[in-house]
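So this one's structure-v7.tsv, TSV, C-alpha atoms and all ligand atoms:
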```
chain	number	residue	atom	x	y	z
A	18	MET	CA	17.32	12.41	11.53
A	19	SER	CA	17.26	16.20	11.39
A	20	LYS	CA	14.10	18.26	11.72
A	21	VAL	CA	11.95	18.67	8.61
A	22	PRO	CA	12.84	22.06	7.07
A	23	ALA	CA	10.00	24.57	7.31
A	24	ARG	CA	10.15	26.06	3.77
A	25	PRO	CA	11.73	23.94	1.04
A	26	GLN	CA	10.76	24.75	-2.54
A	27	VAL	CA	9.58	21.22	-3.17
A	28	VAL	CA	8.04	18.57	-0.90
A	29	ILE	CA	7.91	14.95	-2.05
A	30	ILE	CA	5.49	12.72	-0.15
A	31	GLY	CA	6.51	9.07	-0.43
A	32	ALA	CA	9.87	7.35	-0.83
A	33	GLY	CA	8.88	4.38	-2.97
A	34	GLN	CA	10.17	3.94	-6.50
A	35	ALA	CA	8.34	7.06	-7.73
A	36	GLY	CA	9.36	9.44	-4.94
A	37	LEU	CA	12.98	8.28	-5.01
A	38	ALA	CA	13.15	8.70	-8.79
A	39	VAL	CA	11.91	12.31	-8.53
A	40	ALA	CA	14.41	13.00	-5.73
A	41	TYR	CA	17.25	11.49	-7.76
A	42	TYR	CA	16.54	13.69	-10.80
A	43	LEU	CA	16.08	16.85	-8.73
A	44	ARG	CA	19.47	16.20	-7.19
A	45	ARG	CA	20.97	15.72	-10.63
A	46	PHE	CA	19.58	19.16	-11.46
A	47	GLN	CA	21.65	20.46	-8.52
A	48	LEU	CA	18.82	20.86	-6.03
A	49	GLU	CA	19.97	20.03	-2.52
A	50	PRO	CA	18.11	17.46	-0.40
A	51	ASP	CA	16.79	18.92	2.86
A	52	VAL	CA	17.39	22.44	1.58
A	53	ASP	CA	15.66	22.82	-1.78
A	54	PHE	CA	13.54	19.70	-1.54
A	55	VAL	CA	12.39	17.38	1.21
A	56	VAL	CA	11.22	13.77	1.09
A	57	LEU	CA	8.71	12.57	3.71
A	58	ASP	CA	7.75	8.93	4.14
A	59	ARG	CA	5.57	7.21	6.71
A	60	GLY	CA	7.18	3.76	6.36
A	61	PRO	CA	9.33	2.69	9.30
A	62	VAL	CA	12.19	1.69	6.96
A	63	THR	CA	13.25	1.95	3.31
A	64	GLY	CA	11.42	0.03	0.57
A	65	GLY	CA	8.18	1.93	-0.09
A	66	ALA	CA	5.26	-0.52	-0.21
A	67	TRP	CA	7.65	-3.39	-0.94
A	68	GLN	CA	8.66	-3.52	2.73
A	69	PHE	CA	5.09	-4.66	3.52
A	70	ARG	CA	4.71	-7.33	0.83
A	71	TRP	CA	4.09	-10.88	2.05
A	72	ASP	CA	6.97	-13.17	3.07
A	73	ALA	CA	6.73	-15.67	0.20
A	74	LEU	CA	6.91	-13.05	-2.59
A	75	ARG	CA	10.09	-13.39	-4.63
A	76	LEU	CA	11.44	-11.32	-7.50
A	77	GLY	CA	11.39	-13.31	-10.71
A	78	SER	CA	9.30	-13.76	-13.80
A	79	ALA	CA	6.02	-12.73	-12.16
A	80	HIS	CA	7.39	-9.79	-10.19
A	81	LYS	CA	10.01	-7.70	-11.90
A	82	VAL	CA	11.30	-4.53	-10.32
A	83	ASN	CA	13.13	-2.11	-12.58
A	84	ASP	CA	16.32	-0.54	-11.37
A	85	LEU	CA	16.05	2.98	-10.04
A	86	PRO	CA	17.75	5.64	-12.17
A	87	GLY	CA	21.48	5.81	-11.41
A	88	MET	CA	21.43	2.54	-9.49
A	89	ASP	CA	24.21	1.15	-11.70
A	90	GLU	CA	26.55	3.64	-9.97
A	91	LEU	CA	26.21	1.45	-6.87
A	92	GLY	CA	26.92	-1.73	-8.81
A	93	LEU	CA	23.39	-2.92	-8.00
A	94	SER	CA	20.69	-4.34	-10.24
A	95	PHE	CA	17.44	-6.11	-9.42
A	96	GLU	CA	18.19	-8.30	-12.45
A	97	ASN	CA	20.91	-10.09	-10.45
A	98	ALA	CA	19.13	-10.01	-7.10
A	99	ASP	CA	18.92	-13.22	-5.09
A	100	ARG	CA	15.61	-14.84	-6.05
A	101	THR	CA	15.62	-17.11	-3.02
A	102	LEU	CA	15.22	-14.21	-0.59
A	103	PRO	CA	11.94	-12.36	0.10
A	104	ALA	CA	11.38	-9.51	-2.39
A	105	LYS	CA	10.54	-7.24	0.56
A	106	ASP	CA	14.05	-7.63	1.99
A	107	ILE	CA	15.82	-7.26	-1.36
A	108	VAL	CA	13.95	-4.10	-2.38
A	109	SER	CA	14.20	-2.57	1.06
A	110	GLY	CA	17.96	-3.24	1.17
A	111	TYR	CA	18.64	-1.86	-2.31
A	112	TYR	CA	16.55	1.27	-1.66
A	113	ARG	CA	18.46	1.84	1.60
A	114	ARG	CA	21.78	1.74	-0.19
A	115	TYR	CA	20.39	3.99	-2.93
A	116	GLU	CA	19.12	6.61	-0.46
A	117	ASP	CA	22.47	6.54	1.36
A	118	HIS	CA	24.56	6.73	-1.79
A	119	PHE	CA	22.69	9.74	-3.19
A	120	ASP	CA	22.22	11.17	0.28
A	121	LEU	CA	18.51	11.80	-0.29
A	122	LYS	CA	17.87	12.48	3.42
A	123	VAL	CA	14.42	10.91	3.54
A	124	HIS	CA	12.53	11.81	6.73
A	125	ARG	CA	10.75	8.79	8.25
A	126	PRO	CA	8.50	7.80	9.77
A	127	ILE	CA	6.52	10.94	8.96
A	128	VAL	CA	2.81	10.65	8.24
A	129	VAL	CA	1.27	13.36	6.09
A	130	SER	CA	-2.29	13.93	7.25
A	131	ASP	CA	-3.34	16.63	4.79
A	132	VAL	CA	-2.18	19.30	2.37
A	133	ARG	CA	-3.90	22.69	2.32
A	134	ASN	CA	-3.73	25.94	0.42
A	135	SER	CA	-2.37	28.96	2.22
A	136	ARG	CA	-2.32	31.89	-0.22
A	137	ALA	CA	0.24	30.97	-2.90
A	138	ASP	CA	1.75	28.21	-0.76
A	139	LEU	CA	0.84	24.62	-0.18
A	140	VAL	CA	1.10	23.62	3.45
A	141	VAL	CA	1.88	19.99	4.18
A	142	HIS	CA	0.64	18.95	7.63
A	143	HIS	CA	2.46	15.96	9.04
A	144	SER	CA	3.31	14.13	12.22
A	145	GLU	CA	6.15	16.54	13.00
A	146	GLY	CA	4.34	19.80	12.26
A	147	ALA	CA	3.77	21.71	9.03
A	148	THR	CA	5.94	22.45	6.01
A	149	ALA	CA	5.11	25.17	3.49
A	150	THR	CA	6.18	24.72	-0.11
A	151	GLN	CA	5.71	26.01	-3.63
A	152	ILE	CA	5.56	22.63	-5.30
A	153	LEU	CA	4.20	19.29	-4.11
A	154	VAL	CA	5.06	15.90	-5.55
A	155	ASN	CA	2.68	13.25	-4.32
A	156	ALA	CA	4.23	9.79	-4.68
A	157	THR	CA	2.14	7.85	-2.19
A	158	GLY	CA	1.39	4.78	-4.30
A	159	THR	CA	-1.64	2.59	-3.65
A	160	TRP	CA	-0.71	0.18	-0.85
A	161	GLY	CA	-2.55	2.20	1.81
A	162	SER	CA	-5.77	2.20	-0.20
A	163	PRO	CA	-6.93	-1.41	-0.63
A	164	PHE	CA	-10.01	-2.05	-2.73
A	165	VAL	CA	-12.61	-4.65	-1.71
A	166	PRO	CA	-15.65	-4.98	-3.97
A	167	TYR	CA	-19.09	-5.20	-2.40
A	168	TYR	CA	-20.84	-8.56	-2.25
A	169	PRO	CA	-24.12	-9.13	-0.45
A	170	GLY	CA	-23.68	-10.62	3.00
A	171	ALA	CA	-20.05	-9.53	3.45
A	172	SER	CA	-20.71	-8.02	6.87
A	173	THR	CA	-22.40	-11.22	8.12
A	174	PHE	CA	-19.29	-13.35	7.50
A	175	ARG	CA	-18.05	-14.90	10.76
A	176	GLY	CA	-14.56	-15.64	9.44
A	177	ARG	CA	-11.73	-13.26	8.56
A	178	HIS	CA	-11.64	-10.87	5.63
A	179	VAL	CA	-7.99	-10.41	4.63
A	180	HIS	CA	-6.90	-8.08	1.83
A	181	THR	CA	-3.58	-8.50	-0.02
A	182	ASN	CA	-2.14	-5.71	2.10
A	183	GLY	CA	-2.84	-7.70	5.28
A	184	TYR	CA	-1.58	-11.06	4.01
A	185	VAL	CA	1.62	-12.17	5.70
A	186	SER	CA	2.02	-15.89	5.03
A	187	ALA	CA	0.03	-19.08	4.44
A	188	GLU	CA	0.88	-20.31	7.94
A	189	GLU	CA	-1.81	-18.15	9.52
A	190	PHE	CA	-4.41	-20.14	7.53
A	191	ARG	CA	-3.10	-23.61	8.45
A	192	GLY	CA	-5.92	-26.15	8.32
A	193	GLN	CA	-8.54	-23.50	7.45
A	194	ASN	CA	-10.98	-23.34	4.55
A	195	VAL	CA	-9.97	-20.39	2.43
A	196	VAL	CA	-11.57	-18.66	-0.56
A	197	VAL	CA	-9.24	-16.45	-2.59
A	198	VAL	CA	-10.85	-13.70	-4.67
A	199	GLY	CA	-9.16	-11.97	-7.61
A	200	GLY	CA	-7.70	-12.71	-11.03
A	201	GLY	CA	-4.14	-11.38	-10.81
A	202	THR	CA	-0.65	-12.46	-9.90
A	203	SER	CA	-1.21	-11.91	-6.17
A	204	ALA	CA	-4.20	-14.31	-6.08
A	205	VAL	CA	-2.20	-16.94	-7.95
A	206	GLY	CA	0.73	-16.55	-5.56
A	207	PHE	CA	-1.56	-16.96	-2.51
A	208	LEU	CA	-3.24	-20.08	-3.94
A	209	LEU	CA	0.07	-21.78	-4.64
A	210	GLU	CA	1.35	-20.96	-1.18
A	211	LEU	CA	-1.86	-22.09	0.55
A	212	GLU	CA	-2.24	-25.34	-1.40
A	213	HIS	CA	-0.57	-27.68	1.10
A	214	ILE	CA	-1.14	-25.60	4.23
A	215	ALA	CA	-4.80	-24.59	4.22
A	216	GLY	CA	-7.51	-27.21	4.81
A	217	SER	CA	-9.14	-26.34	1.47
A	218	VAL	CA	-8.67	-23.59	-1.10
A	219	SER	CA	-11.17	-22.25	-3.63
A	220	TRP	CA	-10.72	-19.48	-6.14
A	221	ALA	CA	-13.24	-16.92	-7.35
A	222	SER	CA	-12.58	-14.45	-10.14
A	223	ARG	CA	-14.73	-11.89	-11.88
A	224	ARG	CA	-13.22	-12.83	-15.25
A	225	PRO	CA	-11.47	-15.90	-16.68
A	226	ILE	CA	-7.74	-15.68	-15.92
A	227	ASP	CA	-5.67	-13.99	-18.58
A	228	TYR	CA	-2.55	-16.18	-18.66
A	229	SER	CA	0.31	-14.62	-20.54
A	230	THR	CA	2.33	-17.12	-22.52
A	231	GLU	CA	5.12	-14.75	-23.60
A	232	HIS	CA	8.38	-15.96	-22.12
A	233	VAL	CA	9.14	-12.67	-20.44
A	234	ARG	CA	6.33	-10.17	-20.19
A	235	THR	CA	7.36	-6.92	-18.64
A	236	ILE	CA	4.98	-4.75	-16.70
A	237	GLU	CA	4.98	-2.30	-19.60
A	238	GLY	CA	4.46	-5.05	-22.13
A	239	GLY	CA	0.85	-3.97	-22.06
A	240	ILE	CA	1.29	-0.79	-24.09
A	241	ALA	CA	-2.45	-0.66	-24.54
A	242	ALA	CA	-2.88	-0.80	-20.75
A	243	VAL	CA	-0.54	2.17	-20.32
A	244	ARG	CA	-2.37	4.08	-23.05
A	245	ASP	CA	-5.75	3.39	-21.42
A	246	ALA	CA	-4.44	4.51	-18.02
A	247	ASP	CA	-3.06	7.69	-19.59
A	248	ALA	CA	-6.38	8.47	-21.27
A	249	ALA	CA	-8.22	7.92	-17.98
A	250	ALA	CA	-5.74	10.10	-16.05
A	251	ARG	CA	-6.07	12.95	-18.54
A	252	ALA	CA	-9.85	12.74	-18.36
A	253	GLY	CA	-9.88	12.63	-14.56
A	254	LYS	CA	-11.57	9.23	-14.56
A	255	ALA	CA	-11.10	6.28	-12.24
A	256	LEU	CA	-7.93	4.46	-13.29
A	257	PRO	CA	-7.58	1.00	-14.75
A	258	SER	CA	-4.65	-0.95	-13.29
A	259	VAL	CA	-1.52	-1.04	-15.47
A	260	VAL	CA	-0.05	-3.92	-13.48
A	261	SER	CA	-3.05	-6.26	-13.54
A	262	ALA	CA	-3.62	-5.54	-17.22
A	263	THR	CA	-0.45	-7.39	-18.09
A	264	GLY	CA	-2.02	-10.74	-17.18
A	265	VAL	CA	-0.66	-13.61	-15.12
A	266	PRO	CA	2.65	-14.91	-16.47
A	267	LEU	CA	2.36	-18.61	-17.25
A	268	THR	CA	5.53	-19.69	-15.48
A	269	ARG	CA	6.42	-23.33	-14.93
A	270	LYS	CA	5.09	-23.11	-11.36
A	271	VAL	CA	1.80	-21.67	-12.56
A	272	ALA	CA	1.43	-24.27	-15.32
A	273	ALA	CA	2.05	-27.03	-12.77
A	274	GLY	CA	-0.56	-25.49	-10.45
A	275	ILE	CA	-3.09	-25.52	-13.28
A	276	SER	CA	-2.48	-29.20	-14.01
A	277	ARG	CA	-2.67	-30.11	-10.30
A	278	GLY	CA	-6.04	-28.37	-10.21
A	279	VAL	CA	-5.24	-25.82	-7.49
A	280	LEU	CA	-5.39	-23.03	-10.06
A	281	LYS	CA	-8.94	-23.59	-11.18
A	282	GLU	CA	-11.02	-20.45	-10.92
A	283	ARG	CA	-14.79	-20.27	-10.61
A	284	ALA	CA	-16.95	-17.35	-11.72
A	285	MET	CA	-17.55	-14.96	-8.81
A	286	PHE	CA	-19.84	-16.18	-6.02
A	287	ALA	CA	-23.29	-14.64	-5.71
A	288	SER	CA	-23.21	-13.85	-2.00
A	289	ILE	CA	-21.38	-14.28	1.27
A	290	GLU	CA	-23.01	-16.10	4.18
A	291	PRO	CA	-21.88	-16.27	7.81
A	292	ASP	CA	-19.92	-19.52	7.22
A	293	GLY	CA	-18.90	-19.36	3.60
A	294	VAL	CA	-19.83	-18.35	0.08
A	295	ARG	CA	-22.84	-19.21	-2.07
A	296	TRP	CA	-22.05	-19.71	-5.77
A	297	ARG	CA	-24.38	-18.75	-8.57
A	298	ASP	CA	-25.40	-22.36	-9.19
A	299	GLY	CA	-26.65	-22.56	-5.57
A	300	SER	CA	-23.74	-24.63	-4.24
A	301	PHE	CA	-22.01	-23.61	-1.03
A	302	THR	CA	-18.34	-23.59	0.04
A	303	PRO	CA	-17.56	-23.23	3.74
A	304	ALA	CA	-14.89	-20.66	4.53
A	305	ASP	CA	-12.93	-19.55	7.58
A	306	ALA	CA	-11.24	-16.79	5.63
A	307	LEU	CA	-11.83	-14.75	2.48
A	308	ILE	CA	-8.65	-13.39	0.94
A	309	TRP	CA	-9.35	-10.36	-1.24
A	310	ALA	CA	-6.62	-10.03	-3.87
A	311	THR	CA	-8.75	-7.39	-5.52
A	312	GLY	CA	-6.35	-4.54	-5.99
A	313	PHE	CA	-5.80	-1.01	-4.82
A	314	ARG	CA	-6.71	2.57	-5.58
A	315	PRO	CA	-4.37	5.59	-5.58
A	316	GLU	CA	-3.88	6.89	-2.06
A	317	LEU	CA	-4.88	10.55	-2.28
A	318	ARG	CA	-7.03	11.12	0.83
A	319	HIS	CA	-4.57	13.62	2.30
A	320	LEU	CA	-4.98	15.81	-0.81
A	321	ALA	CA	-8.77	16.12	-0.32
A	322	PRO	CA	-8.60	19.76	0.95
A	323	LEU	CA	-7.08	20.77	-2.40
A	324	LYS	CA	-10.25	19.58	-4.18
A	325	LEU	CA	-8.39	18.06	-7.11
A	326	ARG	CA	-10.98	15.41	-7.89
A	327	GLU	CA	-13.11	15.77	-10.99
A	328	LYS	CA	-16.75	14.75	-10.99
A	329	GLU	CA	-15.66	11.67	-13.00
A	330	GLY	CA	-14.00	10.42	-9.80
A	331	GLY	CA	-10.29	10.81	-10.65
A	332	VAL	CA	-7.79	13.65	-10.88
A	333	SER	CA	-6.95	15.11	-14.32
A	334	VAL	CA	-3.26	14.56	-14.78
A	335	GLU	CA	-1.04	14.99	-17.80
A	336	SER	CA	2.64	14.03	-17.71
A	337	GLY	CA	2.34	13.83	-13.96
A	338	GLN	CA	1.03	17.39	-13.51
A	339	VAL	CA	-2.44	18.13	-12.17
A	340	TRP	CA	-4.40	20.21	-14.64
A	341	THR	CA	-6.42	22.16	-12.14
A	342	ASP	CA	-3.43	22.95	-9.90
A	343	PRO	CA	-0.07	22.92	-11.70
A	344	ARG	CA	1.81	23.20	-8.39
A	345	VAL	CA	0.84	19.60	-7.69
A	346	PHE	CA	2.42	16.56	-9.36
A	347	LEU	CA	1.34	12.94	-9.00
A	348	ALA	CA	4.32	10.61	-9.48
A	349	GLY	CA	3.78	6.92	-10.19
A	350	TYR	CA	0.13	7.65	-11.02
A	351	GLY	CA	-2.04	6.31	-13.87
A	352	PRO	CA	0.17	5.27	-16.80
A	353	PHE	CA	3.22	5.43	-14.51
A	354	ALA	CA	1.98	2.94	-11.91
A	355	SER	CA	4.76	0.39	-12.30
A	356	THR	CA	8.41	0.52	-11.34
A	357	VAL	CA	9.52	1.36	-14.87
A	358	GLY	CA	6.73	3.95	-15.13
A	359	ALA	CA	7.69	5.42	-11.75
A	360	ASN	CA	11.23	5.99	-13.04
A	361	ARG	CA	9.91	7.71	-16.11
A	362	SER	CA	7.53	9.91	-14.17
A	363	GLY	CA	10.46	10.89	-11.93
A	364	ARG	CA	12.37	12.26	-14.91
A	365	ILE	CA	9.41	14.00	-16.52
A	366	ILE	CA	8.26	15.61	-13.27
A	367	ALA	CA	11.74	16.77	-12.23
A	368	ARG	CA	12.16	18.51	-15.59
A	369	GLN	CA	8.86	20.33	-15.22
A	370	ILE	CA	9.74	21.38	-11.68
A	371	MET	CA	13.04	22.85	-12.84
A	372	ALA	CA	11.19	24.85	-15.49
A	373	MET	CA	8.91	26.27	-12.78
A	374	LEU	CA	11.57	27.26	-10.22
A	401	LIG	P1	4.97	2.80	-3.08
A	401	LIG	O1	6.05	1.82	-3.20
A	401	LIG	O2	3.67	2.37	-2.50
A	401	LIG	O3	5.53	4.03	-2.22
A	401	LIG	C1	4.70	5.00	-1.69
A	401	LIG	C2	5.31	5.51	-0.41
A	401	LIG	O4	4.53	6.58	0.06
A	401	LIG	C3	5.35	4.47	0.69
A	401	LIG	O5	6.66	4.36	1.22
A	401	LIG	C4	4.38	5.01	1.75
A	401	LIG	O6	4.80	4.73	3.05
A	401	LIG	C5	4.40	6.49	1.46
A	401	LIG	N1	3.16	7.15	1.85
A	401	LIG	C6	1.91	6.87	1.44
A	401	LIG	N2	1.04	7.72	2.03
A	401	LIG	C7	1.75	8.53	2.82
A	401	LIG	C8	1.40	9.61	3.70
A	401	LIG	N3	0.12	10.03	3.86
A	401	LIG	N4	2.40	10.22	4.39
A	401	LIG	C9	3.69	9.84	4.24
A	401	LIG	N5	4.07	8.83	3.42
A	401	LIG	C10	3.11	8.19	2.72
A	401	LIG	N6	5.30	-3.03	-10.22
A	401	LIG	C11	6.33	-3.53	-10.92
A	401	LIG	O7	6.93	-2.80	-11.72
A	401	LIG	N7	6.72	-4.83	-10.78
A	401	LIG	C12	6.10	-5.68	-9.92
A	401	LIG	O8	6.48	-6.83	-9.80
A	401	LIG	C13	5.02	-5.17	-9.15
A	401	LIG	N8	4.38	-5.96	-8.26
A	401	LIG	C14	3.38	-5.42	-7.51
A	401	LIG	C15	2.75	-6.24	-6.57
A	401	LIG	C16	1.73	-5.76	-5.79
A	401	LIG	C17	1.06	-6.65	-4.80
A	401	LIG	C18	1.32	-4.41	-5.95
A	401	LIG	C19	0.20	-3.84	-5.12
A	401	LIG	C20	1.92	-3.58	-6.89
A	401	LIG	C21	2.96	-4.09	-7.68
A	401	LIG	N9	3.61	-3.30	-8.60
A	401	LIG	C22	4.64	-3.81	-9.35
A	401	LIG	C23	3.15	-1.93	-8.89
A	401	LIG	C24	3.70	-0.80	-8.02
A	401	LIG	O9	3.36	0.28	-8.76
A	401	LIG	C25	5.20	-0.82	-7.85
A	401	LIG	O10	5.38	-1.72	-6.83
A	401	LIG	C26	5.93	0.46	-7.43
A	401	LIG	O11	7.02	0.05	-6.63
A	401	LIG	C27	5.11	1.47	-6.70
A	401	LIG	O12	5.96	2.55	-6.36
A	401	LIG	P2	5.39	3.89	-5.75
A	401	LIG	O13	6.58	4.71	-5.37
A	401	LIG	O14	4.41	4.49	-6.67
A	401	LIG	O15	4.57	3.46	-4.46
```
Please go through the file and, once you have read it, give me the structure as structure tokens.
Ligand code: FAD
Amino acid sequence: MSKVPARPQVVIIGAGQAGLAVAYYLRRFQLEPDVDFVVLDRGPVTGGAWQFRWDALRLGSAHKVNDLPGMDELGLSFENADRTLPAKDIVSGYYRRYEDHFDLKVHRPIVVSDVRNSRADLVVHHSEGATATQILVNATGTWGSPFVPYYPGASTFRGRHVHTNGYVSAEEFRGQNVVVVGGGTSAVGFLLELEHIAGSVSWASRRPIDYSTEHVRTIEGGIAAVRDADAAARAGKALPSVVSATGVPLTRKVAAGISRGVLKERAMFASIEPDGVRWRDGSFTPADALIWATGFRPELRHLAPLKLREKEGGVSVESGQVWTDPRVFLAGYGPFASTVGANRSGRIIARQIMAML
């Protein structure tokens, strides 16, 4: 891979669905990769966060990845992808072919540590030096920013705390007592995989599970969820999750898990003790591991020097553009935090960039 150019007009941080979509549209507007714009990604290979998803995750009714814009040119569609293979391999492979086909020249692995103001420029500091630019597109997703809620006693626990982003496969919990926390599709997937491998499995959720009975429920089926995320993004508030708001699809596998009793959630435990969890009714469940399928937050730490955060805790963003600093765009953020949303934010952001150049 060539050196990162020192002064492109646009820098895109992140080559997941959102960053690739922006790059695709900029190229369609005749901007040249590695000359006019540069894409930096810290992942070792293609696939964005999908390359790190757990082994058992498959594309299907619970996890639906929308095609990237222009992907039909390659004769590829996630709709026809092999559902017997790990989603991580499918997505990584398709993204690789996409990057090659459109010659997007993604630089990886490059870690961006911070972005700072330098007069009218933004300077992106990364593992290979510094790159000055006029416009920054931040498309860093959420995978690197896991969220674990606080429960009393958490630090006294003698077993393992494992977040979704550290979960590899059920095998590492063979014979162990496991408590899974969280009310979304990831928690359900873990429970089903652990059922016959772990010694025991319990499930704690803050709310009763919202099973979705629609035959096919797309990520954007929750229009209200997208609207709420948009309102929060505009107001600079902490964001609700678009993905979790769509509920857990009641597939045949899930329905069978409910009738077998493995998918039987309990209201959140009251506290964590060294050897397990104490429920609100005083009963105790021993645990060797707590799996936190409790979601993520946008990964924006490297933008801290730009002071974009509002006192409400979020960044004010409208149509992907930061209100307080219009040189900065957040792709795949707020209402666009799904693969279909990431595509849309790519188009909207690229158009705004062209109007600025
Ligand atoms: P990512 O895919 O996370 O890409 C961000 C990229 O930025 C990564 O490659 C990362 O390496 C890079 N990066 C981050 N920080 C830095 C840095 N400092 N320096 C350099 N590079 C950096 N959405 C759906 O539509 N369908 C689903 O089925 C679905 N399932 C999901 C399952 C889980 C468990 C999770 C957590 C999310 C899921 N989502 C799903 C939502 C998610 O929004 C999509 O997966 C989407 O692919 C995210 O794309 P993205 O480009 O915003 O982020």
Would you mind listing the residues within 6 Å of ligand LIG 401 (chain A), counting all atoms listed in the file, as a PyMOL selection string? chain A and resi 30-36+57-60+65-67+80-82+127-130+156-160+203+236+260+349+354-357
Residues within 9 Å of (5.1, 18.1, -10.2), file coords, all atoms listed in the file, listed as a tab-separated table (two decimals) with C-alpha atoms, keeping the file's coordinate frame:
```tsv
chain	number	residue	atom	x	y	z
A	27	VAL	CA	9.58	21.22	-3.17
A	152	ILE	CA	5.56	22.63	-5.30
A	153	LEU	CA	4.20	19.29	-4.11
A	154	VAL	CA	5.06	15.90	-5.55
A	155	ASN	CA	2.68	13.25	-4.32
A	336	SER	CA	2.64	14.03	-17.71
A	337	GLY	CA	2.34	13.83	-13.96
A	338	GLN	CA	1.03	17.39	-13.51
A	339	VAL	CA	-2.44	18.13	-12.17
A	343	PRO	CA	-0.07	22.92	-11.70
A	344	ARG	CA	1.81	23.20	-8.39
A	345	VAL	CA	0.84	19.60	-7.69
A	346	PHE	CA	2.42	16.56	-9.36
A	347	LEU	CA	1.34	12.94	-9.00
A	348	ALA	CA	4.32	10.61	-9.48
A	365	ILE	CA	9.41	14.00	-16.52
A	366	ILE	CA	8.26	15.61	-13.27
A	367	ALA	CA	11.74	16.77	-12.23
A	368	ARG	CA	12.16	18.51	-15.59
A	369	GLN	CA	8.86	20.33	-15.22
A	370	ILE	CA	9.74	21.38	-11.68
```
Between CA of Arg177 in chain A and CA of Pro303 in chain A, measure the distance and give it in Å to one decimal.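 CA of Pro303 in chain A lies 12.5 Å from CA of Arg177 in chain A.
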Taking (13.1, 17.8, 0.9) as a centre in this file's frame and 7 Å as the limit, can you find every polymer residue with an atom that close, using all atoms listed in the file, and give them as a list of chain:residue names?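 Residues with an atom close enough to that point: A:Pro25, A:Val27, A:Val28, A:Ile29, A:Pro50, A:Asp51, A:Val52, A:Asp53, A:Phe54, A:Val55, A:Val56.
For the pair CA of Ala23 in chain A and CA of Asp138 in chain A, the separation is 12.1 Å.
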Just checking: using all atoms listed in the file, which residue out of A:Ile226, A:Val165, A:Leu102, A:Ile107 ends up closest to Gly312 in chain A?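 Closest to Gly312 in chain A, using all atoms listed in the file: A:Val165.
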One decimal, in Å: what's the spacing between CA of Ser288 in chain A and CA of Thr311 in chain A?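 Taking CA of Ser288 in chain A as the start and CA of Thr311 in chain A as the end point, the length is 16.2 Å.
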Nearest residue to Ser362 in chain A from the set A:Gly206, A:Pro86, A:Pro322, A:Gly92 (distances using only C-alpha atoms):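 Checking each of A:Gly206, A:Pro86, A:Pro322, A:Gly92 against Ser362 in chain A, counting only C-alpha atoms, the winner is A:Pro86.
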I need the residue nearest Leu74 in chain A from this list: A:Pro103, A:Pro266, A:Gly192, A:Gly170. Use only C-alpha atoms for the distance.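 Among the listed residues, the smallest separation from Leu74 in chain A belongs to A:Pro103.
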Leaving out Asp89 in chain A and any residue of its chain fewer than 6 positions from it, which residues lie within 12 Å of it when counting all atoms listed in the file, given as an NGL selection string? :A and (83 or 95-97 or 111 or 114-115 or 118)
Export of prior selection with C-alpha atoms as a PDB file, keeping the file's coordinate frame:
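Dumped everything to again37.pdb:
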```pdb
ATOM      1  CA  ASN A  83      13.130  -2.110 -12.580  1.00  0.00           C
ATOM      2  CA  PHE A  95      17.440  -6.110  -9.420  1.00  0.00           C
ATOM      3  CA  GLU A  96      18.190  -8.300 -12.450  1.00  0.00           C
ATOM      4  CA  ASN A  97      20.910 -10.090 -10.450  1.00  0.00           C
ATOM      5  CA  TYR A 111      18.640  -1.860  -2.310  1.00  0.00           C
ATOM      6  CA  ARG A 114      21.780   1.740  -0.190  1.00  0.00           C
ATOM      7  CA  TYR A 115      20.390   3.990  -2.930  1.00  0.00           C
ATOM      8  CA  HIS A 118      24.560   6.730  -1.790  1.00  0.00           C
TER       9      HIS A 118
END
```
